[in-house]
Structure formats: structure tokens, C-alpha cells
Amino acid sequence: MTSHGYERGRLNLPFVGICTFGKYPYQPDWDAIDADVAVLGAPLDFGTQWRSGARMGPRAIREASTLFSFGHAGAYDFEDDVTYLPAETTRIVDIGDADIIHTDTIGSHDRIEEGVRKILKAGALPVVLGGDHSINIPCINAFDDQEPIHVVQIDAHLDFVDIRHGVRFGHGNPMRRAAEKPYVAGLSQFGIRNVSSTARDGYEDARKMGSDIQSVRQCRKLGVEGMLARIPEGKRYYLTIDIDGFDPSIAPGTGTPSHGGFLYYEVLEFIDGLAQRGDIVGLDLVEVAPDYDPTGSTSILAAQVLMNTIGRILHHR
């Protein structure tokens, strides 16, 4: 009989204890990170253009993630016949949140960037919990002394606005700011649909600057393998997931929901393939706004996607 190891420790059910991500150890000293994965919260939503509330995303995702705190046994997936996140070899820490200065977007971004840099310096995979999508800007900034990265985006919106009313660092700007970086080799933007926050000239600029844009309907025609084939193989990938890339029927808790989005397994199978196609070296998940979802299903979806993504990255490495 397989031992789950409960006889060696407390049962530690999901509703018990402190809500670190996945109930993994808390490491408040950013100069003492010793792990393969480090989770950082970025509770900032100053970049939103309509419904605020994503600042509460990291806290909600952490709480939801306790449902997937797999005790002492890891997470066995019978379809894959793989135990992901086995306790014996999984080294994940939660380093808490970047300090946010209310109303100061740039100052807050600087603190998020500092956290990501500390994680990279420690040789760990940064996993950042947003916050609105503007938090991707400091995350990408932190890779300036790394090898080139290819940005892969799951999102309903292109987020390729250059400057609007003087704003360059809101949640409509991150992919434009990423494309400007000399160490960003290209972008794959999947799930883009409906009326977008980016005007036609933004789409034209994105393609000129090396972006491949595919809608949900186009992705479904391609299939997972077709989507993966459009991404350069064997590269270093930075994966940014906006929860509104999913259909609002399963992710209503977000500021800018857009119908016609992805379903869970479409994204999971894509991420699994991406983790095998190259090396995912950074990850953020953004725009969870829990107050718009009294069921908590959006936060649970976010936590489940993150736990499964981390598990597959570590497994395929």
C-alpha cells in the first residue's frame, strides 16, 4: 500500500493554518531564498481602466491554493500517470508580497522588480501573483541581465497600447513595453478577442515588432499542437496569464471579462506542451479580482492553473 506520509506529520487540512501559496514555507528574507520556485505577490491595481479590485488577487489565490496543498504525497494525475510536486524533491517558497505604495505606480513597480530580481539571483523560478497586468512590466524589467526570453501571453486583450493620455505603465501597456526590450526575442499572444483595448494601429505595431497574434477561435482551429508549432522551439519562455483569457463562465472574477474565452484544459494542455518545448523561466498570473466572484471559482481556477503549471515545469525539467 502506498504511504502518504501522514503518520510522519500533521494532517494540515486546507482550512487549517496560514495561507501561504500551496502552504509552502514562508521566506521573508529575500536574500536567503533557497528553492527551485519562489512565489511573490504583487497586489497592485493602479493600472486598471475600469473595475478595480485585482489588488486583492494575491491574497485570494493564496487562500484558494490551500485546496491544492497536497499534503505529504504530491499530486498524482492518473491520466498522465505522474505524481507532480512530489514532497521529496519539490522546493517551493512563498516570499510574501512586494511592498506597494498607494497611488505610486512607478515606485510600486520598482518594488515588484526588486522581488523578481532577488528570485532570479537565487536561481529560482519567479511566480508572480497579480495584481493587474501592469505588474508584468517590472517582472520583464528584471530579466534585463538574463539570456533572451520569448514572451507567451494568454489573454483576451492585446495590451499593446503605447501611450494613452500620458499613461505608459498601465494594464493596457505591458506587451508594448516588453516588445521594446532588446532581450525580448518575440511575443506569442493567444486568446485575443472581441473589442480590444488596443486600436488597429497597436495591432499593426505589434506584428511589426515581432508578435504573433491568435484569437481563441484561431487557436481552436490550430489545436494545441498547432499553437505550439507557432512558438520558437528550445527557447527561454516567460509566460504571462491574464485570467480574462479564460471564458467568464469559469472566471467571472476579473475587471474586464470577455466572452468567448479559453476553457481550463485548453490552457493546461498548451502549458504542458510549452514546458516540454523549451524552458519556462518566469511566470505571472494577473487580473484576479475576487470581489466580482462570490463563489470563489476564479481564485480556485487561478490557483489550480498555477499549481499545475509549476508541477509540469518541474517535472519536464
# chains A, B, ... in the order shown; residues from 1 in each chain; ligands from 1
call {"tool": "select_by_dssp", "arguments": {"residues": "range 196-256 of chain A", "states": "alpha helix (DSSP H)", "output": "PDB file with N, CA and C atoms, in the first residue's frame"}}
result
ATOM      1  N   ARG A 200      -6.412  49.586 -33.852  1.00  0.00           N
ATOM      2  CA  ARG A 200      -5.839  48.894 -35.009  1.00  0.00           C
ATOM      3  C   ARG A 200      -4.345  49.166 -35.168  1.00  0.00           C
ATOM      4  N   ASP A 201      -3.925  50.416 -34.934  1.00  0.00           N
ATOM      5  CA  ASP A 201      -2.507  50.712 -35.117  1.00  0.00           C
ATOM      6  C   ASP A 201      -1.643  49.948 -34.123  1.00  0.00           C
ATOM      7  N   GLY A 202      -2.201  49.633 -32.948  1.00  0.00           N
ATOM      8  CA  GLY A 202      -1.470  48.828 -31.975  1.00  0.00           C
ATOM      9  C   GLY A 202      -1.229  47.414 -32.473  1.00  0.00           C
ATOM     10  N   TYR A 203      -2.229  46.827 -33.141  1.00  0.00           N
ATOM     11  CA  TYR A 203      -2.066  45.502 -33.726  1.00  0.00           C
ATOM     12  C   TYR A 203      -1.010  45.527 -34.826  1.00  0.00           C
ATOM     13  N   GLU A 204      -1.059  46.580 -35.635  1.00  0.00           N
ATOM     14  CA  GLU A 204      -0.063  46.701 -36.705  1.00  0.00           C
ATOM     15  C   GLU A 204       1.342  46.848 -36.127  1.00  0.00           C
ATOM     16  N   ASP A 205       1.474  47.652 -35.070  1.00  0.00           N
ATOM     17  CA  ASP A 205       2.772  47.818 -34.419  1.00  0.00           C
ATOM     18  C   ASP A 205       3.247  46.503 -33.804  1.00  0.00           C
ATOM     19  N   ALA A 206       2.321  45.776 -33.191  1.00  0.00           N
ATOM     20  CA  ALA A 206       2.694  44.510 -32.544  1.00  0.00           C
ATOM     21  C   ALA A 206       3.280  43.534 -33.558  1.00  0.00           C
ATOM     22  N   ARG A 207       2.633  43.418 -34.696  1.00  0.00           N
ATOM     23  CA  ARG A 207       3.142  42.486 -35.720  1.00  0.00           C
ATOM     24  C   ARG A 207       4.494  42.953 -36.254  1.00  0.00           C
ATOM     25  N   LYS A 208       4.648  44.270 -36.431  1.00  0.00           N
ATOM     26  CA  LYS A 208       5.930  44.798 -36.898  1.00  0.00           C
ATOM     27  C   LYS A 208       7.044  44.527 -35.885  1.00  0.00           C
ATOM     28  N   VAL A 216      -8.999  33.126 -29.847  1.00  0.00           N
ATOM     29  CA  VAL A 216      -9.429  31.822 -29.332  1.00  0.00           C
ATOM     30  C   VAL A 216      -9.927  30.947 -30.470  1.00  0.00           C
ATOM     31  N   ARG A 217     -10.727  31.513 -31.365  1.00  0.00           N
ATOM     32  CA  ARG A 217     -11.242  30.703 -32.483  1.00  0.00           C
ATOM     33  C   ARG A 217     -10.118  30.231 -33.398  1.00  0.00           C
ATOM     34  N   GLN A 218      -9.142  31.090 -33.625  1.00  0.00           N
ATOM     35  CA  GLN A 218      -7.994  30.672 -34.438  1.00  0.00           C
ATOM     36  C   GLN A 218      -7.194  29.587 -33.728  1.00  0.00           C
ATOM     37  N   CYS A 219      -7.034  29.726 -32.406  1.00  0.00           N
ATOM     38  CA  CYS A 219      -6.305  28.710 -31.643  1.00  0.00           C
ATOM     39  C   CYS A 219      -7.024  27.366 -31.688  1.00  0.00           C
ATOM     40  N   ARG A 220      -8.336  27.388 -31.642  1.00  0.00           N
ATOM     41  CA  ARG A 220      -9.086  26.125 -31.668  1.00  0.00           C
ATOM     42  C   ARG A 220      -8.972  25.451 -33.031  1.00  0.00           C
ATOM     43  N   LYS A 221      -8.899  26.231 -34.088  1.00  0.00           N
ATOM     44  CA  LYS A 221      -8.679  25.645 -35.407  1.00  0.00           C
ATOM     45  C   LYS A 221      -7.283  25.030 -35.500  1.00  0.00           C
ATOM     46  N   LEU A 222      -6.302  25.692 -34.879  1.00  0.00           N
ATOM     47  CA  LEU A 222      -4.931  25.175 -34.892  1.00  0.00           C
ATOM     48  C   LEU A 222      -4.787  23.933 -34.027  1.00  0.00           C
ATOM     49  N   GLY A 223      -5.512  23.899 -32.904  1.00  0.00           N
ATOM     50  CA  GLY A 223      -5.296  22.852 -31.914  1.00  0.00           C
ATOM     51  C   GLY A 223      -4.052  23.155 -31.103  1.00  0.00           C
ATOM     52  N   VAL A 224      -3.870  22.419 -30.017  1.00  0.00           N
ATOM     53  CA  VAL A 224      -2.738  22.673 -29.127  1.00  0.00           C
ATOM     54  C   VAL A 224      -1.410  22.516 -29.864  1.00  0.00           C
ATOM     55  N   GLU A 225      -1.286  21.466 -30.653  1.00  0.00           N
ATOM     56  CA  GLU A 225      -0.024  21.246 -31.364  1.00  0.00           C
ATOM     57  C   GLU A 225       0.248  22.358 -32.371  1.00  0.00           C
ATOM     58  N   GLY A 226      -0.808  22.846 -33.007  1.00  0.00           N
ATOM     59  CA  GLY A 226      -0.637  23.935 -33.952  1.00  0.00           C
ATOM     60  C   GLY A 226      -0.236  25.233 -33.269  1.00  0.00           C
ATOM     61  N   MET A 227      -0.804  25.478 -32.094  1.00  0.00           N
ATOM     62  CA  MET A 227      -0.407  26.654 -31.322  1.00  0.00           C
ATOM     63  C   MET A 227       1.062  26.580 -30.938  1.00  0.00           C
ATOM     64  N   LEU A 228       1.470  25.418 -30.440  1.00  0.00           N
ATOM     65  CA  LEU A 228       2.860  25.249 -30.013  1.00  0.00           C
ATOM     66  C   LEU A 228       3.826  25.395 -31.182  1.00  0.00           C
ATOM     67  N   ALA A 229       3.406  24.919 -32.350  1.00  0.00           N
ATOM     68  CA  ALA A 229       4.286  24.977 -33.522  1.00  0.00           C
ATOM     69  C   ALA A 229       4.589  26.411 -33.947  1.00  0.00           C
TER      70      ALA A 229
END
call {"tool": "residues_around", "arguments": {"residues": "Ile280 in chain A", "least_positions_apart": "4", "cutoff": "6 Å", "atoms": "only C-alpha atoms", "output": "short mmCIF file (atom, residue, chain, number, x, y, z; two decimals) with all heavy atoms, in the first residue's frame"}}
result
data_model
loop_
_atom_site.label_atom_id
_atom_site.label_comp_id
_atom_site.auth_asym_id
_atom_site.auth_seq_id
_atom_site.Cartn_x
_atom_site.Cartn_y
_atom_site.Cartn_z
N ARG A 236 13.87 30.17 -24.14
CA ARG A 236 13.50 30.53 -22.78
C ARG A 236 12.20 31.34 -22.85
O ARG A 236 12.15 32.38 -23.50
CB ARG A 236 14.61 31.36 -22.12
CG ARG A 236 15.85 30.57 -21.79
CD ARG A 236 17.07 31.48 -21.59
NE ARG A 236 16.80 32.68 -20.83
CZ ARG A 236 16.86 32.77 -19.50
NH1 ARG A 236 17.20 31.69 -18.79
NH2 ARG A 236 16.62 33.91 -18.88
N TYR A 237 11.16 30.84 -22.18
CA TYR A 237 9.85 31.46 -22.27
C TYR A 237 9.49 32.16 -20.96
O TYR A 237 9.72 31.63 -19.87
CB TYR A 237 8.76 30.41 -22.56
CG TYR A 237 9.04 29.54 -23.76
CD1 TYR A 237 9.00 28.15 -23.64
CD2 TYR A 237 9.34 30.07 -25.01
CE1 TYR A 237 9.24 27.33 -24.73
CE2 TYR A 237 9.58 29.27 -26.10
CZ TYR A 237 9.54 27.89 -25.96
OH TYR A 237 9.79 27.08 -27.04
N TYR A 238 8.92 33.34 -21.10
CA TYR A 238 8.25 33.99 -19.98
C TYR A 238 6.76 33.89 -20.26
O TYR A 238 6.27 34.38 -21.29
CB TYR A 238 8.67 35.45 -19.82
CG TYR A 238 8.06 36.07 -18.57
CD1 TYR A 238 8.78 36.15 -17.40
CD2 TYR A 238 6.73 36.51 -18.57
CE1 TYR A 238 8.21 36.67 -16.24
CE2 TYR A 238 6.15 37.01 -17.42
CZ TYR A 238 6.90 37.09 -16.26
OH TYR A 238 6.31 37.58 -15.11
#
call {"tool": "closest_residue", "arguments": {"among": "A:Asp244, A:Asp80, A:Asp34, A:Asp132", "to": "Asp155 in chain A", "atoms": "only C-alpha atoms"}}
result
A:Asp244
call {"tool": "residues_around", "arguments": {"residues": "Gln146 in chain A", "least_positions_apart": "5", "cutoff": "12 Å", "atoms": "only C-alpha atoms", "output": "mmCIF file with C-alpha atoms, in the first residue's frame"}}
result
data_model
loop_
_atom_site.group_PDB
_atom_site.id
_atom_site.type_symbol
_atom_site.label_atom_id
_atom_site.label_comp_id
_atom_site.auth_asym_id
_atom_site.auth_seq_id
_atom_site.Cartn_x
_atom_site.Cartn_y
_atom_site.Cartn_z
ATOM 1 C CA ARG A 117 15.478 40.173 -9.252
ATOM 2 C CA LEU A 120 16.415 35.265 -10.208
ATOM 3 C CA LYS A 121 19.611 35.940 -8.264
ATOM 4 C CA GLY A 123 18.463 30.789 -9.230
ATOM 5 C CA ILE A 140 10.025 41.684 -17.541
ATOM 6 C CA ASN A 141 12.349 44.540 -16.495
ATOM 7 C CA LYS A 181 13.195 45.309 -24.712
ATOM 8 C CA PRO A 182 16.255 44.132 -26.662
ATOM 9 C CA TYR A 183 16.285 40.881 -24.680
ATOM 10 C CA VAL A 184 12.681 40.015 -25.613
ATOM 11 C CA ARG A 236 13.502 30.533 -22.776
ATOM 12 C CA TYR A 237 9.850 31.458 -22.268
ATOM 13 C CA TYR A 238 8.253 33.990 -19.978
ATOM 14 C CA VAL A 281 11.880 30.793 -16.803
ATOM 15 C CA GLY A 282 9.277 33.189 -15.449
#
call {"tool": "closest_atom_pairs", "arguments": {"of": "range 113-207 of chain A", "to": "range 92-107 of chain A", "cutoff": "10 Å", "atoms": "only C-alpha atoms", "output": "JSON lines"}}
result
{"residue": "A:Glu113", "atom": "CA", "partner": "A:Ala98", "partner_atom": "CA", "distance": 8.6}
{"residue": "A:Glu114", "atom": "CA", "partner": "A:Ala98", "partner_atom": "CA", "distance": 8.2}
{"residue": "A:Gly115", "atom": "CA", "partner": "A:Ala98", "partner_atom": "CA", "distance": 6.5}
{"residue": "A:Val116", "atom": "CA", "partner": "A:Ala98", "partner_atom": "CA", "distance": 9.3}
{"residue": "A:Ile119", "atom": "CA", "partner": "A:Ile95", "partner_atom": "CA", "distance": 9.1}
{"residue": "A:Ala124", "atom": "CA", "partner": "A:Ile92", "partner_atom": "CA", "distance": 9.0}
{"residue": "A:Leu125", "atom": "CA", "partner": "A:Ile92", "partner_atom": "CA", "distance": 9.3}
{"residue": "A:Val127", "atom": "CA", "partner": "A:Asp94", "partner_atom": "CA", "distance": 9.4}
{"residue": "A:Val128", "atom": "CA", "partner": "A:Asp97", "partner_atom": "CA", "distance": 9.2}
{"residue": "A:Leu129", "atom": "CA", "partner": "A:Asp97", "partner_atom": "CA", "distance": 8.8}
{"residue": "A:Gly130", "atom": "CA", "partner": "A:Asp97", "partner_atom": "CA", "distance": 10.0}
{"residue": "A:Ser134", "atom": "CA", "partner": "A:Thr105", "partner_atom": "CA", "distance": 9.0}
{"residue": "A:Ile135", "atom": "CA", "partner": "A:Thr105", "partner_atom": "CA", "distance": 9.4}
{"residue": "A:Pro138", "atom": "CA", "partner": "A:Ile106", "partner_atom": "CA", "distance": 9.1}
{"residue": "A:Phe169", "atom": "CA", "partner": "A:Thr105", "partner_atom": "CA", "distance": 7.8}
{"residue": "A:Gly170", "atom": "CA", "partner": "A:Thr105", "partner_atom": "CA", "distance": 8.5}
call {"tool": "atom_distance", "arguments": {"atom1": "CA of Trp50 in chain A", "atom2": "CA of Ser65 in chain A"}}
result
27.1 Å
call {"tool": "closest_residue", "arguments": {"among": "A:Ala42, A:Leu274, A:Leu67, A:Val152", "to": "Arg55 in chain A", "atoms": "only C-alpha atoms"}}
result
A:Ala42
call {"tool": "closest_residue", "arguments": {"among": "A:Ala122, A:Val39, A:Val16, A:Leu44", "to": "Glu63 in chain A", "atoms": "only C-alpha atoms"}}
result
A:Val16
call {"tool": "residues_around", "arguments": {"residues": "Ala302 in chain A", "least_positions_apart": "4", "cutoff": "8 Å", "atoms": "only C-alpha atoms", "output": "number ranges by chain"}}
result
A: 61, 243, 285, 288, 298, 306
call {"tool": "closest_residue", "arguments": {"among": "A:Gly22, A:Gly53, A:Gly41, A:Gly255", "to": "Leu85 in chain A", "atoms": "only C-alpha atoms"}}
result
A:Gly22
call {"tool": "closest_residue", "arguments": {"among": "A:Pro86, A:Pro126, A:Gly131, A:Gly191", "to": "Asp45 in chain A", "atoms": "only C-alpha atoms"}}
result
A:Gly131
call {"tool": "atom_distance", "arguments": {"atom1": "CA of Asp110 in chain A", "atom2": "CA of Leu187 in chain A"}}
result
23.4 Å
call {"tool": "atom_distance", "arguments": {"atom1": "CA of Gln27 in chain A", "atom2": "CA of Thr240 in chain A"}}
result
23.8 Å
call {"tool": "closest_residue", "arguments": {"among": "A:His165, A:Arg277, A:Arg51, A:Arg312", "to": "Glu233 in chain A", "atoms": "only C-alpha atoms"}}
result
A:Arg277
call {"tool": "select_by_dssp", "arguments": {"residues": "range 2-133 of chain A", "states": "strand (DSSP E or B)", "output": "PyMOL selection string"}}
result
chain A and resi 26+37-42+75-77+82-84+92-97+125-130
call {"tool": "residues_around", "arguments": {"residues": "Thr83 in chain A", "least_positions_apart": "6", "cutoff": "9 Å", "atoms": "only C-alpha atoms", "output": "ChimeraX atom specification"}}
result
/A:73-77,311,315
